[in-house]
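Data from entry-v1.txt: compact mmCIF, C-alpha atoms and all ligand atoms
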```txt
# COMPACT_ATOMS: atom_id res chain seq x y z
CA MET M 425 40.05 -8.45 2.20
CA ALA M 426 36.23 -8.50 1.77
CA ARG M 427 34.95 -6.83 -1.40
CA LYS M 428 33.19 -3.49 -0.88
CA ARG M 429 29.44 -3.85 -1.25
CA LYS M 430 27.69 -1.61 -3.83
CA GLY M 431 25.78 0.45 -1.29
CA GLU M 432 28.47 0.96 1.33
CA GLY M 433 28.71 4.55 2.49
CA GLN M 434 25.14 5.28 1.34
CA THR M 435 21.84 5.37 3.19
CA ALA M 436 18.40 4.34 1.94
CA LEU M 437 15.28 5.85 3.51
CA VAL M 438 12.41 3.35 3.12
CA THR M 439 8.84 4.41 3.88
CA GLY M 440 6.27 1.80 4.88
CA ALA M 441 9.03 -0.45 6.18
CA SER M 442 7.14 -2.04 9.08
CA THR M 443 5.45 -4.76 6.99
CA GLY M 444 5.06 -6.09 3.47
CA ILE M 445 7.00 -5.02 0.39
CA GLY M 446 8.79 -2.23 2.29
CA VAL M 447 10.50 -4.71 4.63
CA ASP M 448 11.77 -6.75 1.69
CA LEU M 449 12.87 -3.64 -0.19
CA ALA M 450 14.81 -2.54 2.89
CA GLU M 451 16.42 -5.97 3.02
CA CYS M 452 17.54 -5.73 -0.64
CA PHE M 453 19.32 -2.45 0.11
CA ALA M 454 20.83 -3.77 3.35
CA ARG M 455 22.13 -6.89 1.60
CA ASP M 456 24.16 -4.61 -0.68
CA GLY M 457 25.56 -2.65 2.26
CA TYR M 458 23.28 0.41 2.36
CA ASP M 459 22.58 1.77 5.84
CA LEU M 460 18.87 2.14 6.46
CA ILE M 461 16.38 4.64 7.81
CA LEU M 462 13.03 2.92 8.19
CA THR M 463 9.76 4.70 8.72
CA ALA M 464 6.07 3.78 9.23
CA ARG M 465 3.61 4.28 12.09
CA SER M 466 4.17 1.00 13.99
CA GLU M 467 7.21 1.67 16.17
CA ALA M 468 7.61 -1.81 17.64
CA LEU M 469 7.47 -3.50 14.23
CA LEU M 470 9.90 -0.98 12.76
CA ASN M 471 12.39 -1.60 15.55
CA GLU M 472 12.15 -5.37 15.07
CA VAL M 473 12.81 -5.02 11.33
CA ALA M 474 15.71 -2.61 11.93
CA GLU M 475 17.37 -4.88 14.51
CA ARG M 476 17.04 -7.95 12.30
CA LEU M 477 18.36 -6.29 9.15
CA ALA M 478 21.22 -4.55 10.97
CA ALA M 479 22.35 -7.82 12.55
CA THR M 480 21.93 -9.95 9.42
CA HIS M 481 23.56 -7.57 6.95
CA LYS M 482 26.01 -5.67 9.19
CA VAL M 483 24.58 -2.23 8.40
CA LYS M 484 23.27 0.63 10.54
CA ALA M 485 19.49 0.88 10.74
CA ALA M 486 17.65 3.83 12.30
CA THR M 487 13.89 4.12 12.70
CA VAL M 488 11.46 7.04 12.81
CA ALA M 489 7.86 6.22 13.67
CA LEU M 490 5.37 8.70 12.25
CA ASP M 491 2.17 9.06 10.28
CA LEU M 492 3.24 10.17 6.81
CA GLY M 493 -0.35 10.91 5.88
CA ARG M 494 -0.35 14.03 8.09
CA GLN M 495 0.25 17.40 6.45
CA GLY M 496 3.93 18.32 6.66
CA ALA M 497 4.96 14.83 7.79
CA GLY M 498 7.63 14.61 5.08
CA ARG M 499 9.27 17.80 6.34
CA LYS M 500 9.01 16.56 9.94
CA LEU M 501 10.66 13.26 8.96
CA ALA M 502 13.47 15.01 7.09
CA ASP M 503 14.10 17.36 10.06
CA GLU M 504 14.27 14.38 12.43
CA ILE M 505 16.71 12.61 10.11
CA ALA M 506 18.91 15.72 9.85
CA SER M 507 18.83 16.28 13.63
CA ARG M 508 20.34 12.81 14.07
CA GLY M 509 23.16 13.72 11.69
CA LEU M 510 21.94 11.25 9.06
CA SER M 511 21.63 11.83 5.33
CA VAL M 512 19.63 10.14 2.58
CA ASP M 513 21.12 8.91 -0.71
CA VAL M 514 18.24 6.74 -1.88
CA LEU M 515 14.57 7.43 -1.18
CA VAL M 516 12.19 4.49 -1.40
CA ASN M 517 8.62 5.82 -1.45
CA ASN M 518 6.76 2.62 -0.65
CA ALA M 519 4.17 3.54 2.02
CA GLY M 520 0.68 3.45 0.60
CA TYR M 521 -2.78 1.99 0.92
CA GLY M 522 -5.97 1.51 -1.06
CA THR M 523 -9.64 1.01 -0.31
CA ALA M 524 -11.99 -0.89 -2.59
CA GLY M 525 -15.56 0.28 -3.26
CA ALA M 526 -17.55 2.99 -4.99
CA LEU M 527 -16.77 6.61 -4.20
CA ASP M 528 -20.42 7.11 -3.26
CA GLY M 529 -20.86 6.15 0.38
CA SER M 530 -17.13 5.91 1.05
CA ASP M 531 -15.36 7.59 3.92
CA ALA M 532 -13.96 10.99 2.88
CA ALA M 533 -11.05 10.80 5.34
CA GLU M 534 -10.02 7.39 3.92
CA GLN M 535 -10.19 8.69 0.35
CA LEU M 536 -8.27 11.89 1.06
CA GLY M 537 -5.83 9.97 3.26
CA MET M 538 -4.84 7.96 0.17
CA VAL M 539 -4.03 11.17 -1.67
CA ASP M 540 -2.09 12.47 1.33
CA LEU M 541 0.01 9.31 1.70
CA ASN M 542 0.30 7.85 -1.81
CA VAL M 543 0.73 11.21 -3.56
CA ARG M 544 1.44 14.12 -1.22
CA ALA M 545 4.01 12.56 1.12
CA LEU M 546 5.77 10.86 -1.80
CA THR M 547 6.06 14.18 -3.64
CA GLU M 548 7.10 16.10 -0.53
CA LEU M 549 9.89 13.66 0.34
CA THR M 550 11.11 13.50 -3.25
CA GLN M 551 11.28 17.28 -3.50
CA ILE M 552 13.21 17.47 -0.22
CA TYR M 553 15.91 14.95 -1.20
CA TRP M 554 16.04 15.51 -4.98
CA PRO M 555 18.41 18.55 -5.06
CA GLN M 556 21.07 16.84 -2.97
CA MET M 557 20.90 13.69 -5.10
CA LEU M 558 21.49 15.78 -8.23
CA GLU M 559 24.27 17.67 -6.52
CA LYS M 560 26.04 14.45 -5.44
CA LYS M 561 25.27 12.82 -8.82
CA ARG M 562 24.32 9.56 -7.16
CA GLY M 563 21.51 7.77 -5.34
CA GLY M 564 17.95 8.25 -6.50
CA VAL M 565 14.29 7.47 -5.96
CA LEU M 566 12.47 4.16 -6.10
CA ASN M 567 8.72 4.76 -6.10
CA VAL M 568 6.17 2.02 -5.56
CA ALA M 569 3.11 2.44 -7.77
CA SER M 570 1.00 -0.52 -8.91
CA THR M 571 -0.43 -2.12 -12.04
CA ALA M 572 -3.40 0.07 -11.05
CA ALA M 573 -1.37 2.97 -12.44
CA PHE M 574 -2.01 1.93 -16.06
CA GLN M 575 -5.77 2.54 -16.24
CA PRO M 576 -8.61 4.20 -14.32
CA GLY M 577 -10.11 2.03 -11.57
CA PRO M 578 -13.89 2.19 -11.22
CA LEU M 579 -14.79 0.93 -7.69
CA MET M 580 -11.31 1.87 -6.46
CA ALA M 581 -11.08 5.22 -8.22
CA VAL M 582 -8.88 7.25 -5.87
CA TYR M 583 -6.33 4.48 -5.38
CA TYR M 584 -5.89 3.89 -9.13
CA ALA M 585 -5.65 7.63 -9.76
CA SER M 586 -3.07 8.02 -6.98
CA LYS M 587 -0.90 5.31 -8.54
CA ALA M 588 -1.27 6.86 -12.01
CA PHE M 589 0.21 9.99 -10.45
CA VAL M 590 3.13 7.99 -9.01
CA LEU M 591 3.89 6.41 -12.39
CA SER M 592 3.65 9.69 -14.30
CA PHE M 593 5.72 11.61 -11.72
CA SER M 594 8.40 8.90 -11.63
CA GLU M 595 8.77 8.67 -15.41
CA ALA M 596 9.07 12.45 -15.70
CA LEU M 597 11.79 12.55 -13.03
CA TRP M 598 13.58 9.63 -14.68
CA ARG M 599 13.92 11.80 -17.79
CA GLU M 600 14.92 14.90 -15.81
CA ALA M 601 17.72 12.95 -14.13
CA LEU M 602 18.92 11.06 -17.18
CA GLY M 603 22.70 11.29 -17.51
CA THR M 604 23.22 12.78 -14.05
CA GLY M 605 24.01 9.53 -12.24
CA VAL M 606 20.75 9.77 -10.26
CA HIS M 607 18.44 6.79 -10.76
CA VAL M 608 14.63 6.83 -10.80
CA SER M 609 12.52 3.68 -11.03
CA CYS M 610 8.84 3.01 -10.62
CA LEU M 611 7.95 -0.42 -9.27
CA CYS M 612 4.48 -1.54 -10.37
CA PRO M 613 3.42 -4.69 -8.56
CA GLY M 614 0.26 -6.62 -9.29
CA PRO M 615 -1.44 -8.48 -6.43
CA THR M 616 1.23 -9.26 -3.81
CA VAL M 617 1.05 -11.09 -0.48
CA SER M 618 0.99 -8.45 2.29
CA LYS M 619 -1.42 -6.70 4.65
CA PHE M 620 -2.52 -4.45 1.76
CA ARG M 621 -5.44 -6.66 0.74
CA GLU M 622 -6.82 -6.76 4.31
CA ARG M 623 -6.87 -2.97 4.54
CA ALA M 624 -8.06 -2.48 0.95
CA GLY M 625 -10.85 -5.06 1.10
CA THR M 626 -9.77 -6.42 -2.29
CA GLY M 627 -9.99 -9.96 -0.90
CA LYS M 628 -13.78 -9.63 -1.25
CA THR M 629 -13.69 -8.55 -4.91
CA LYS M 630 -13.26 -10.58 -8.11
CA LEU M 631 -9.65 -9.41 -8.16
CA LYS M 632 -8.88 -12.32 -5.86
CA ASN M 633 -9.84 -14.75 -8.65
CA LEU M 634 -7.09 -13.44 -10.90
CA GLY M 635 -4.49 -15.95 -9.77
CA THR M 636 -1.95 -16.39 -7.02
CA PRO M 637 -0.45 -13.19 -5.65
CA MET M 638 3.34 -12.85 -5.86
CA SER M 639 5.51 -12.87 -2.75
CA ALA M 640 6.61 -9.50 -1.36
CA GLU M 641 10.18 -10.75 -1.45
CA SER M 642 10.21 -11.46 -5.19
CA VAL M 643 8.46 -8.15 -5.93
CA ALA M 644 11.02 -6.27 -3.86
CA ARG M 645 13.96 -8.01 -5.54
CA MET M 646 12.64 -7.03 -8.97
CA GLY M 647 12.17 -3.44 -7.83
CA TYR M 648 15.64 -3.28 -6.37
CA ARG M 649 17.27 -4.73 -9.50
CA ALA M 650 15.35 -2.25 -11.65
CA PHE M 651 16.56 0.62 -9.48
CA ARG M 652 20.18 -0.51 -9.70
CA LYS M 653 19.89 -0.52 -13.50
CA ASN M 654 17.98 2.80 -13.62
CA GLN M 655 15.13 0.94 -15.32
CA ARG M 656 12.29 3.44 -15.67
CA VAL M 657 9.37 1.13 -14.94
CA MET M 658 9.24 -2.40 -13.55
CA VAL M 659 5.93 -4.25 -13.77
CA THR M 660 6.29 -7.45 -11.76
CA GLY M 661 5.45 -10.76 -13.42
CA PHE M 662 4.77 -11.77 -17.02
CA ARG M 663 0.96 -11.66 -16.79
CA ASN M 664 0.94 -8.25 -15.12
CA ARG M 665 3.31 -6.92 -17.79
CA MET M 666 1.06 -8.20 -20.57
CA LEU M 667 -2.06 -6.68 -18.97
CA ALA M 668 -0.33 -3.33 -18.48
CA ARG M 669 0.77 -3.30 -22.13
CA LEU M 670 -2.57 -4.46 -23.48
CA GLY M 671 -4.69 -1.86 -21.64
CA PRO M 672 -3.91 1.15 -23.87
CA PHE M 673 -4.91 -0.85 -26.99
CA LEU M 674 -8.39 -1.67 -25.68
CA PRO M 675 -11.29 0.69 -26.39
CA ARG M 676 -11.52 2.90 -23.28
CA LYS M 677 -15.11 1.85 -22.46
CA ALA M 678 -14.22 -1.84 -22.66
CA LEU M 679 -11.25 -1.23 -20.38
CA LEU M 680 -13.41 0.61 -17.84
CA ASN M 681 -16.02 -2.19 -17.95
CA THR M 682 -13.33 -4.84 -17.43
CA VAL M 683 -11.81 -3.07 -14.41
CA HIS M 684 -15.30 -2.37 -13.00
CA ASN M 685 -16.04 -6.07 -13.27
CA ILE M 686 -12.76 -7.10 -11.61
CA GLN M 687 -13.33 -4.64 -8.74
CA SER M 688 -16.93 -5.85 -8.16
CA PRO M 689 -17.80 -7.98 -5.13
CA ALA M 690 -16.95 -11.66 -5.72
N1 LIG M 701 0.08 -5.79 -1.94
C1 LIG M 701 -0.36 -5.52 -3.13
O1 LIG M 701 -1.12 -6.30 -3.72
C2 LIG M 701 0.14 -4.29 -3.85
C3 LIG M 701 -0.03 -4.21 -5.23
C4 LIG M 701 0.40 -3.08 -5.90
C5 LIG M 701 0.99 -2.04 -5.21
N2 LIG M 701 1.14 -2.13 -3.85
C6 LIG M 701 1.76 -0.99 -3.17
O2 LIG M 701 2.88 -1.46 -2.44
C7 LIG M 701 3.15 -0.55 -1.38
C8 LIG M 701 3.40 -1.35 -0.11
O3 LIG M 701 2.22 -2.04 0.25
P1 LIG M 701 2.20 -3.49 0.86
O4 LIG M 701 1.54 -4.37 -0.12
O5 LIG M 701 3.51 -3.87 1.39
O6 LIG M 701 1.13 -3.24 2.03
P2 LIG M 701 1.25 -3.31 3.62
O7 LIG M 701 1.75 -4.63 4.05
O8 LIG M 701 -0.08 -2.84 4.09
O9 LIG M 701 2.37 -2.21 3.97
C9 LIG M 701 2.10 -0.84 3.89
C10 LIG M 701 3.19 -0.08 4.63
O10 LIG M 701 2.87 1.31 4.60
C11 LIG M 701 2.85 1.81 5.94
N3 LIG M 701 1.86 2.86 6.10
C12 LIG M 701 0.52 2.77 5.88
N4 LIG M 701 -0.08 3.92 6.20
C13 LIG M 701 0.91 4.77 6.63
C14 LIG M 701 0.95 6.10 7.11
N5 LIG M 701 -0.18 6.84 7.22
N6 LIG M 701 2.12 6.66 7.47
C15 LIG M 701 3.27 5.94 7.37
N7 LIG M 701 3.31 4.67 6.92
C16 LIG M 701 2.15 4.09 6.56
C17 LIG M 701 2.50 0.59 6.78
O11 LIG M 701 2.99 0.73 8.11
P3 LIG M 701 2.15 1.20 9.39
O12 LIG M 701 0.79 0.59 9.28
O13 LIG M 701 2.99 0.70 10.50
O14 LIG M 701 2.13 2.69 9.30
C18 LIG M 701 3.30 -0.49 6.08
O15 LIG M 701 4.64 -0.46 6.50
C19 LIG M 701 1.96 0.40 -1.30
O16 LIG M 701 2.30 1.63 -1.89
C20 LIG M 701 0.90 -0.30 -2.14
O17 LIG M 701 0.00 0.60 -2.73
C21 LIG M 701 0.74 -3.22 -3.17
```

Transcribe the structure of this file into structure tokens.
Ligand SMILES: NC(=O)c1ccc[n+]([C@@H]2O[C@H](COP(=O)([O-])OP(=O)(O)OC[C@H]3O[C@@H](n4cnc5c(N)ncnc54)[C@H](OP(=O)(O)O)[C@@H]3O)[C@@H](O)[C@H]2O)c1
Amino acid sequence: MARKRKGEGQTALVTGASTGIGVDLAECFARDGYDLILTARSEALLNEVAERLAATHKVKAATVALDLGRQGAGRKLADEIASRGLSVDVLVNNAGYGTAGALDGSDAAEQLGMVDLNVRALTELTQIYWPQMLEKKRGGVLNVASTAAFQPGPLMAVYYASKAFVLSFSEALWREALGTGVHVSCLCPGPTVSKFRERAGTGKTKLKNLGTPMSAESVARMGYRAFRKNQRVMVTGFRNRMLARLGPFLPRKALLNTVHNIQSPA
């Protein structure tokens, strides 16, 4: 008889699962037998991912296409999930975007959209599913922040601040859930191969000179392993870990100058 996989009987809701890290995170959960609910805006891509993962890993995979940046989108998503008779054991808050450049002259809708998606939707979904996780004493939340979470980001100010929120929120919830059986992990990737850079415009900044980006697959595997172990924070890669640890020891002005330099046009 085949051994029961760790996630069998549980469902993971993965946001931003049409491309990039979200697809690979979904695959990590599917490999361990979790059923999936995948969400993002691109319906065709979502369906392709769902079909592939369901067939490869013999799990159920549902999709809900919607813009999570809209007010109330988290509630709408949860209502749709409930109306299909599905439940959520693990919430993976991965959907997010950034835009490089000074605040002055930037597009207000783009800046506020980052807050709505990276912060608001993540908080809304967590608050919706949190009570039932605590009640069942299992499952949990895997939030995707960034190495940007560890310091302010001149020339990408809103994005860095949004990820600082994600890190702070995740660590606080990790402590609130400690001992309950509910896991909380915050995945903090450094530069990673995905469509993120295209949308963010970070390919035109000095950030691109900081070495080869990691693959989305390896980043996702590290995040998934951290979640399984209830590891509070996972910074991907040795160099990223060192930079994240070093930051707080630098004089604040020097840190701000360094990030300003890295975020400047190449
Ligand atoms: N790549 C990096 O270098 C890097 C580094 C650190 C942290 N991160 C973080 O990693 C996470 C995943 O990013 P990625 O690198 O995989 O980028 P990506 O390839 O651009 O994927 C972003 C995902 O979010 C979805 N999304 C974007 N806007 C959305 C919206 N309004 N509503 C619903 N879904 C939306 C996208 O799907 P649709 O376009 O179909 O909606 C896509 O599935 C993000 O939180 C990002 O901040 C990335």

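Note that atom CA of Thr571 of chain M and atom O15 of ligand LIG 701 (chain M) are 19.3 Å apart.
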
field: Neighbour list for Phe574 of chain M as a PyMOL selection string, cut-off 8 Å, only C-alpha atoms, skip fewer than 3 positions in-chain
entry: chain M and resi 571+588+668+671

- prompt: Looking at M:Glu595, M:Glu641, M:Glu432, M:Glu622, which one is nearest to Arg656 of chain M, with distances taken over all atoms listed in the file?
  reply: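 Closest residue, counting all atoms listed in the file: M:Glu595.
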
query: For Asn654 of chain M, which residue among M:Gln575, M:Ser592, M:Thr439, M:Thr604 is the nearest when counting all atoms listed in the file?
result: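 Closest to Asn654 of chain M of all the choices is M:Thr604.
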
- request: Using only C-alpha atoms, find all polymer residues with an atom at most 9 Å away from the point (5.3, -11.2, -11.4); report them as a list in words.
  value: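 Checked against the point, the hits come out as Pro613, Gly614, Pro615, Thr616, Pro637, Met638, Ser639, Ser642, Val643, Met646, Val659, Thr660, Gly661, Phe662, Arg663, Asn664 and Arg665 of chain M.
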
Grab the residues selected above and save them as a JSON list (two decimals), keeping the file's coordinate frame with C-alpha atoms.
```json
[["chain", "number", "residue", "atom", "x", "y", "z"],
["M", 613, "PRO", "CA", 3.42, -4.69, -8.56],
["M", 614, "GLY", "CA", 0.26, -6.62, -9.29],
["M", 615, "PRO", "CA", -1.44, -8.48, -6.43],
["M", 616, "THR", "CA", 1.23, -9.26, -3.81],
["M", 637, "PRO", "CA", -0.45, -13.19, -5.65],
["M", 638, "MET", "CA", 3.34, -12.85, -5.86],
["M", 639, "SER", "CA", 5.51, -12.87, -2.75],
["M", 642, "SER", "CA", 10.21, -11.46, -5.19],
["M", 643, "VAL", "CA", 8.46, -8.15, -5.93],
["M", 646, "MET", "CA", 12.64, -7.03, -8.97],
["M", 659, "VAL", "CA", 5.93, -4.25, -13.77],
["M", 660, "THR", "CA", 6.29, -7.45, -11.76],
["M", 661, "GLY", "CA", 5.45, -10.76, -13.42],
["M", 662, "PHE", "CA", 4.77, -11.77, -17.02],
["M", 663, "ARG", "CA", 0.96, -11.66, -16.79],
["M", 664, "ASN", "CA", 0.94, -8.25, -15.12],
["M", 665, "ARG", "CA", 3.31, -6.92, -17.79]]
```

Can you fill out segment 614-632 of chain M with N, CA and C atoms and hand it back as a tab-separated table (two decimals), in the frame of the given file?
```tsv
chain	number	residue	atom	x	y	z
M	614	GLY	N	1.65	-6.17	-9.26
M	614	GLY	CA	0.26	-6.62	-9.29
M	614	GLY	C	-0.03	-7.17	-7.90
M	615	PRO	N	-1.11	-7.95	-7.75
M	615	PRO	CA	-1.44	-8.48	-6.43
M	615	PRO	C	-0.25	-9.19	-5.77
M	616	THR	N	0.04	-8.80	-4.54
M	616	THR	CA	1.23	-9.26	-3.81
M	616	THR	C	0.81	-9.63	-2.39
M	617	VAL	N	1.41	-10.66	-1.84
M	617	VAL	CA	1.05	-11.09	-0.48
M	617	VAL	C	1.56	-10.05	0.52
M	618	SER	N	0.64	-9.43	1.26
M	618	SER	CA	0.99	-8.45	2.29
M	618	SER	C	-0.29	-8.11	3.04
M	619	LYS	N	-0.21	-7.10	3.93
M	619	LYS	CA	-1.42	-6.70	4.65
M	619	LYS	C	-2.30	-5.78	3.81
M	620	PHE	N	-1.80	-5.42	2.62
M	620	PHE	CA	-2.52	-4.45	1.76
M	620	PHE	C	-3.96	-4.88	1.52
M	621	ARG	N	-4.13	-6.15	1.15
M	621	ARG	CA	-5.44	-6.66	0.74
M	621	ARG	C	-6.46	-6.55	1.88
M	622	GLU	N	-5.98	-6.85	3.11
M	622	GLU	CA	-6.82	-6.76	4.31
M	622	GLU	C	-7.38	-5.34	4.46
M	623	ARG	N	-6.47	-4.37	4.35
M	623	ARG	CA	-6.87	-2.97	4.54
M	623	ARG	C	-7.72	-2.49	3.36
M	624	ALA	N	-7.38	-2.95	2.16
M	624	ALA	CA	-8.06	-2.48	0.95
M	624	ALA	C	-9.43	-3.12	0.77
M	625	GLY	N	-9.60	-4.32	1.32
M	625	GLY	CA	-10.85	-5.06	1.10
M	625	GLY	C	-10.90	-5.73	-0.26
M	626	THR	N	-9.75	-5.83	-0.95
M	626	THR	CA	-9.77	-6.42	-2.29
M	626	THR	C	-9.90	-7.95	-2.24
M	627	GLY	N	-9.78	-8.52	-1.05
M	627	GLY	CA	-9.99	-9.96	-0.90
M	627	GLY	C	-11.44	-10.34	-1.14
M	628	LYS	N	-12.35	-9.35	-1.07
M	628	LYS	CA	-13.78	-9.63	-1.25
M	628	LYS	C	-14.23	-9.32	-2.68
M	629	THR	N	-13.32	-8.89	-3.53
M	629	THR	CA	-13.69	-8.55	-4.91
M	629	THR	C	-13.21	-9.66	-5.86
M	630	LYS	N	-13.64	-9.55	-7.13
M	630	LYS	CA	-13.26	-10.58	-8.11
M	630	LYS	C	-11.76	-10.56	-8.41
M	631	LEU	N	-11.10	-9.51	-7.97
M	631	LEU	CA	-9.65	-9.41	-8.16
M	631	LEU	C	-8.94	-10.65	-7.59
M	632	LYS	N	-9.54	-11.18	-6.51
M	632	LYS	CA	-8.88	-12.32	-5.86
M	632	LYS	C	-8.91	-13.58	-6.74
```
